[in-house]
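In what follows, a single structure is set out as structure tokens and then discussed.
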Protein chains: 2
Amino acid sequence: MSGSVGIVSAQRATFEEPLSFSCGKVLPRYELVYETYGTLNADKSNAILICHALSGHHHVAGRYADDEKNTGWWDNMIGPGKPVDTNRFFVIGLNNLGGCHGSTGPASIDPATGKQYGSNFPMVTVEDWVHAQARLADRLGIKQFAAIIGGSLGGMQAMQWSITYPERVRNVLAIATAPHLTTENIAFNDVARNAILTDPDFHGGDFYQFGVVPTRGLRLARMLGHITYLSDDAMAGKFGRGLRSGEYKYGYDIEFEVESYLRYQGDKFAAYFDANTYLLMTKALDYFDPARHTEHNLARAFAPVQANYLVVSFSSDWRFSPDRSREIVKALLHNKRDVSYAEITSQHGHDSFLMQDEQYFAVMRNYLERVAEETR
Amino acid sequence: MSGSVGIVSAQRATFEEPLSFSCGKVLPRYELVYETYGTLNADKSNAILICHALSGHHHVAGRYADDEKNTGWWDNMIGPGKPVDTNRFFVIGLNNLGGCHGSTGPASIDPATGKQYGSNFPMVTVEDWVHAQARLADRLGIKQFAAIIGGSLGGMQAMQWSITYPERVRNVLAIATAPHLTTENIAFNDVARNAILTDPDFHGGDFYQFGVVPTRGLRLARMLGHITYLSDDAMAGKFGRGLRSGEYKYGYDIEFEVESYLRYQGDKFAAYFDANTYLLMTKALDYFDPARHTEHNLARAFAPVQANYLVVSFSSDWRFSPDRSREIVKALLHNKRDVSYAEITSQHGHDSFLMQDEQYFAVMRNYLERVAEETR
């Protein structure tokens with residue numbers, strides 16, 4: 001029996017203690033928006049933290065009473081009887097700092113100026129997020145997580161937890177992620193950022209004050225991103241060379257079905273996502289590189305890790321390929337950590353980690369059942 | 001002994017007979033700029049046509065007297081004693097219609113209005129180019145080419161020649177090309193086009209009249225293109241995660257070496273290339289699909305072909321992968337054509353076709369030596 005966590009509502013935690021960022025800036029005060037599902041047990045040992053990726057947020061599962069269609073972004077994975085079983089675990093989703101879904105971010109008002117932070121918002125890193133998440137855990141009385149789970153950029157946070165706070169996480173589930181971005185990944189991110197940075201409506205990040213939004217740049221960034229989240233085969237299977245009107249029109253309006261899809265996705269995203277948040281998220285991806293502090297030796301970077309790991313990759317994911325997951329596995333094994341690794345055959349590219357797949361879900365379920373047994 | 005064709009100069013051919021395009025438009029009059037190397041033999045049987053790709057042009061080999069550093073884009077391949085041996089062949093390079101290197105294109109003056117064509121320039125297809133090239137061949141008295149050679153979009157033109165004018169080409173050398181673009185290819189092109197189309201300085205294609213150039217869009221298009229012309233491994237080998245200043249700067253200026261490279265390439269390209277030409281070239285790529293007229297059966301599309309073929313692909317080319325070349329080979333073999341196929345192991349991605357590589361050059365040389373023997 002598996003179902004929905006049902007109606008949920010977001011909560012807000014305010015932190016008055018200043019937070020220092022890797023970049024040197026300080027936020028004197030900030031807020032984190034989060035949601036929880038399931039019940040925290042008496043010894044507070046059954047908590048699971050879900051870390052989100054580039055465009056994710058705190059609404060991970062369930063629906064809102066006033067917006068029934070707004071289902072959490074990982075609702076297929078989390079709920080009663082689902083792989084992340086809310087009958088057994090207390091699950092937390094949050095919106096990271098710098099986000100645009102309620103937590104303090106570039107569009108928030110800077111109390112020092114009375115205006116939106118904009119270009120003044122600190123550059124955030126995965127390490128910074130982990131520190132902020134740890135304070136939220138403190139607030140909830142959680143000394144140690146049963147598991148921290150994340151895909152893509154979320155997986156980087158989960159890994160970072162096990163390095164920064166080794167004693168605070170028993171299991172890391174690192175999905176479709178990498179120990180650092182490849183050169184090509186960084187290159188794609190730079191094109192996406194430049195689309196935003198050179199949009200005349202960006203105004204150096206302070207567009208809020210001009211009453212405009214760099215829609216053109218955000219749209220391009222999302223269109224490009226979408227291509228890299230899918231596999232070549234998945235796009236071919238879904239759209240092929242299908243023409244919207246059945247024939248060539250010899251113009252620059254939409255001709256191929258894939259153009260229609262991409263432009264629609266770009267427009268939809270540009271209508272709600274904050275451009276500064278997009279920039280910050282891609283930079284956090286670029287910067288993540290725990291082995292940077294250990295002379296590019298990942299095994300040494302993982303030396304502090306105490307957690308057990310489940311690493312999952314997807315065969316058609318060319319942005320975070322299985323090879324990258326194997327680097328993680330190898331470095332953990334070098335430290336004699338307990339590591340399970342699953343390479344799932346999937347056609348959906350990087351997006352596979354968000355899709356329902358029998359083998360993938362079975363791997364997640366089996367691993368978390370063991371975690372639940374140990375947690376009892 | 002292999003050398004340079006030395007100092008060359010461009011020539012110009014004016015065509016007063018109207019040319020009809022696939023899109024339905026007509027150019028009443030147009031010019032083609034071209035260069036030739038070597039000597040046309042008495043029976044005019046030793047001519048080779050070089051078809052250019054997206055950003056190529058007529059300056060294929062040699063140097064200009066007044067611009068010694070401006071070496072032709074395929075100078076490593078073409079010259080006395082080189083694989084395309086100008087001691088044996090009469091080699092022609094031209095700038096295609098719609099280009100921005102001297103042939104009639106969007107920046108040319110439309111005699112009907114006295115203004116640049118801009119958005120009024122006809123959409124061009126590979127078939128249209130082949131027709132225009134055939135007229136240039138007529139002008140030069142060439143009834144049949146010993147070979148037509150092209151890489152990428154150039155390979156599409158070479159293939160189209162063997163379908164449209166089967167009796168006019170004895171050999172096709174189709175390099176790093178495909179029988180049509182994949183869905184992913186079209187998607188990347190659409191992002192690049194949208195970068196240009198949504199640049200406020202594009203003015204619907206008539207920016208010439210506004211004294212501006214859609215530099216931002218062109219720059220993004222080129223940055224994106226560059227990523228897809230290289231392989232992941234080539235980028236990693238060349239730039240890795242190298243930082244320009246050795247440390248994170250936590251800003252949006254250049255940090256990683258790969259960003260420096262991409263932005264430089266983008267800026268350089270945007271400073272000279274015409275935005276409308278870029279759009280036209282990517283559309284010509286999207287439209288090319290000879291099997292569209294034969295119910296998506298490529299073998300039937302190739303049924304008229306009489307030419308012998310050399311098909312070359314490169315292992316790390318993910319934009320025009322070896323699989324796509326094999327589709328060509330298979331369809332030609334189905335028609336019992338004489339086909340040689342070489343898959344070159346190379347790290348340079350799609351750009352490999354422009355690089356000097358021992359195995360690749362040996363394959364080209366050997367094939368063309370046979371052509372030269374037959375031509376004698």
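Identifiers in this document derive from the order of the structure tokens: chains are assigned A, B, ..., residues are numbered from 1 separately in each chain, and ligands are numbered from 1 in order of occurrence.
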Self-check item: Test item: chain B residues at most 7 Å from chain A, counting only C-alpha atoms, as JSON, numbers by chain
Solution: {"B": [23, 123, 182, 183, 184, 187, 190, 191, 195, 198, 216, 220, 223, 224, 227, 232, 235, 236, 239, 240, 241, 250, 258, 259]}
Self-check item: Every residue of segment 158-310 of chain A that DSSP places in alpha helix (DSSP H), as number ranges by chain
Solution: A: 158-164, 183-197, 215-229, 232-239, 257-270, 275-287, 298-301
Could the residues in this selection be saved with C-alpha atoms as an mmCIF file, in the first residue's frame?
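Result written to result.cif:
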```
data_model
loop_
_atom_site.group_PDB
_atom_site.id
_atom_site.type_symbol
_atom_site.label_atom_id
_atom_site.label_comp_id
_atom_site.auth_asym_id
_atom_site.auth_seq_id
_atom_site.Cartn_x
_atom_site.Cartn_y
_atom_site.Cartn_z
ATOM 1 C CA ALA A 158 24.243 14.874 0.824
ATOM 2 C CA MET A 159 27.904 13.987 0.208
ATOM 3 C CA GLN A 160 29.093 17.250 1.741
ATOM 4 C CA TRP A 161 27.120 16.504 4.921
ATOM 5 C CA SER A 162 29.075 13.290 5.386
ATOM 6 C CA ILE A 163 32.336 15.233 5.090
ATOM 7 C CA THR A 164 31.442 18.326 7.118
ATOM 8 C CA THR A 183 34.684 20.810 -17.890
ATOM 9 C CA GLU A 184 31.777 20.369 -20.290
ATOM 10 C CA ASN A 185 29.271 20.790 -17.451
ATOM 11 C CA ILE A 186 30.920 24.050 -16.424
ATOM 12 C CA ALA A 187 30.907 25.180 -20.047
ATOM 13 C CA PHE A 188 27.163 24.571 -20.395
ATOM 14 C CA ASN A 189 26.570 26.433 -17.129
ATOM 15 C CA ASP A 190 28.631 29.361 -18.364
ATOM 16 C CA VAL A 191 26.567 29.647 -21.551
ATOM 17 C CA ALA A 192 23.375 29.584 -19.487
ATOM 18 C CA ARG A 193 24.752 32.221 -17.115
ATOM 19 C CA ASN A 194 25.901 34.425 -19.969
ATOM 20 C CA ALA A 195 22.426 34.296 -21.472
ATOM 21 C CA ILE A 196 21.150 35.832 -18.223
ATOM 22 C CA LEU A 197 24.087 38.135 -17.514
ATOM 23 C CA THR A 215 13.046 36.631 -19.245
ATOM 24 C CA ARG A 216 15.001 36.167 -22.475
ATOM 25 C CA GLY A 217 18.101 34.985 -20.683
ATOM 26 C CA LEU A 218 16.286 32.716 -18.258
ATOM 27 C CA ARG A 219 14.347 31.173 -21.120
ATOM 28 C CA LEU A 220 17.526 30.376 -23.048
ATOM 29 C CA ALA A 221 19.205 29.008 -19.931
ATOM 30 C CA ARG A 222 16.293 26.660 -19.305
ATOM 31 C CA MET A 223 16.037 25.547 -22.931
ATOM 32 C CA LEU A 224 19.712 24.638 -22.911
ATOM 33 C CA GLY A 225 19.451 22.967 -19.530
ATOM 34 C CA HIS A 226 16.544 20.840 -20.699
ATOM 35 C CA ILE A 227 18.541 19.414 -23.585
ATOM 36 C CA THR A 228 21.265 18.312 -21.213
ATOM 37 C CA TYR A 229 18.837 16.754 -18.737
ATOM 38 C CA ASP A 232 19.581 11.998 -27.212
ATOM 39 C CA ASP A 233 17.523 8.806 -27.459
ATOM 40 C CA ALA A 234 14.804 10.122 -25.161
ATOM 41 C CA MET A 235 14.412 13.271 -27.279
ATOM 42 C CA ALA A 236 14.440 11.231 -30.476
ATOM 43 C CA GLY A 237 11.841 8.851 -29.082
ATOM 44 C CA LYS A 238 9.589 11.624 -27.850
ATOM 45 C CA PHE A 239 9.818 14.110 -30.728
ATOM 46 C CA GLU A 257 7.936 19.500 -32.281
ATOM 47 C CA VAL A 258 11.082 19.576 -30.166
ATOM 48 C CA GLU A 259 11.265 23.345 -30.655
ATOM 49 C CA SER A 260 7.717 23.678 -29.396
ATOM 50 C CA TYR A 261 8.556 21.647 -26.310
ATOM 51 C CA LEU A 262 11.763 23.526 -25.523
ATOM 52 C CA ARG A 263 10.297 26.979 -26.002
ATOM 53 C CA TYR A 264 7.300 26.050 -23.875
ATOM 54 C CA GLN A 265 9.554 24.785 -21.091
ATOM 55 C CA GLY A 266 11.681 27.924 -21.370
ATOM 56 C CA ASP A 267 8.712 30.269 -21.241
ATOM 57 C CA LYS A 268 7.126 28.450 -18.304
ATOM 58 C CA PHE A 269 10.341 28.532 -16.301
ATOM 59 C CA ALA A 270 11.164 32.157 -17.094
ATOM 60 C CA ALA A 275 17.350 34.819 -12.517
ATOM 61 C CA ASN A 276 19.741 35.450 -9.633
ATOM 62 C CA THR A 277 18.788 32.130 -8.058
ATOM 63 C CA TYR A 278 19.541 30.395 -11.352
ATOM 64 C CA LEU A 279 22.980 31.993 -11.433
ATOM 65 C CA LEU A 280 23.692 31.073 -7.808
ATOM 66 C CA MET A 281 22.633 27.445 -8.275
ATOM 67 C CA THR A 282 24.839 26.947 -11.321
ATOM 68 C CA LYS A 283 27.784 28.494 -9.504
ATOM 69 C CA ALA A 284 27.235 26.202 -6.514
ATOM 70 C CA LEU A 285 27.408 23.296 -8.954
ATOM 71 C CA ASP A 286 30.624 24.611 -10.512
ATOM 72 C CA TYR A 287 32.291 25.227 -7.146
ATOM 73 C CA LEU A 298 38.866 12.300 -3.610
ATOM 74 C CA ALA A 299 39.628 9.371 -1.330
ATOM 75 C CA ARG A 300 41.355 11.757 1.056
ATOM 76 C CA ALA A 301 38.444 14.203 0.795
#
```
Segment 62-114 of chain A: residues DSSP assigns to strand (DSSP E), reported as a CSV table (one decimal) with C-alpha atoms, in the first residue's frame:
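Writing the result to part-v9.csv gives the following:
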```csv
chain,number,residue,atom,x,y,z
A,63,ARG,CA,-0.3,18.8,-2.1
A,64,TYR,CA,-1.4,22.2,-0.7
A,78,ILE,CA,8.1,9.9,-0.8
A,79,GLY,CA,4.9,8.9,1.1
A,84,VAL,CA,11.0,6.9,1.4
A,85,ASP,CA,8.3,5.6,3.7
A,90,PHE,CA,10.3,11.8,9.4
A,91,VAL,CA,11.1,13.5,6.1
A,92,ILE,CA,12.3,17.1,5.8
A,93,GLY,CA,12.4,19.1,2.6
A,94,LEU,CA,13.7,22.7,2.6
A,109,ILE,CA,14.6,42.4,1.2
A,110,ASP,CA,18.0,43.3,2.6
```
Quiz prompt | Straight-line distance linking atom CA of Gln356 of chain B with atom CA of Ser325 of chain B, stated in Å to one decimal | solution =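 Computed distance, atom CA of Gln356 of chain B to atom CA of Ser325 of chain B, equals 20.0 Å.
Nearest-residue note for Leu19 of chain A: choosing from A:Gly155, A:Val311, A:Arg135, A:Ala42, the minimum distance belongs to A:Arg135, counting only C-alpha atoms.
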Exercise. Go ahead and compute the interatomic distance for atom CA of Glu31 of chain B and atom CA of Leu97 of chain B, in Å to one decimal.
Key: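 These two atoms are separated by 8.1 Å.
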What's the 9 Å shell around Asp323 of chain A, counting only C-alpha atoms, without same-chain residues fewer than 4 positions away, as a tab-separated table (two decimals) with C-alpha atoms, in the first residue's frame?
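Output saved as out-v2.tsv:
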```
chain	number	residue	atom	x	y	z
A	178	ALA	CA	29.31	13.60	-9.27
A	313	SER	CA	23.48	6.35	-11.52
A	327	GLU	CA	34.55	7.74	-8.87
```
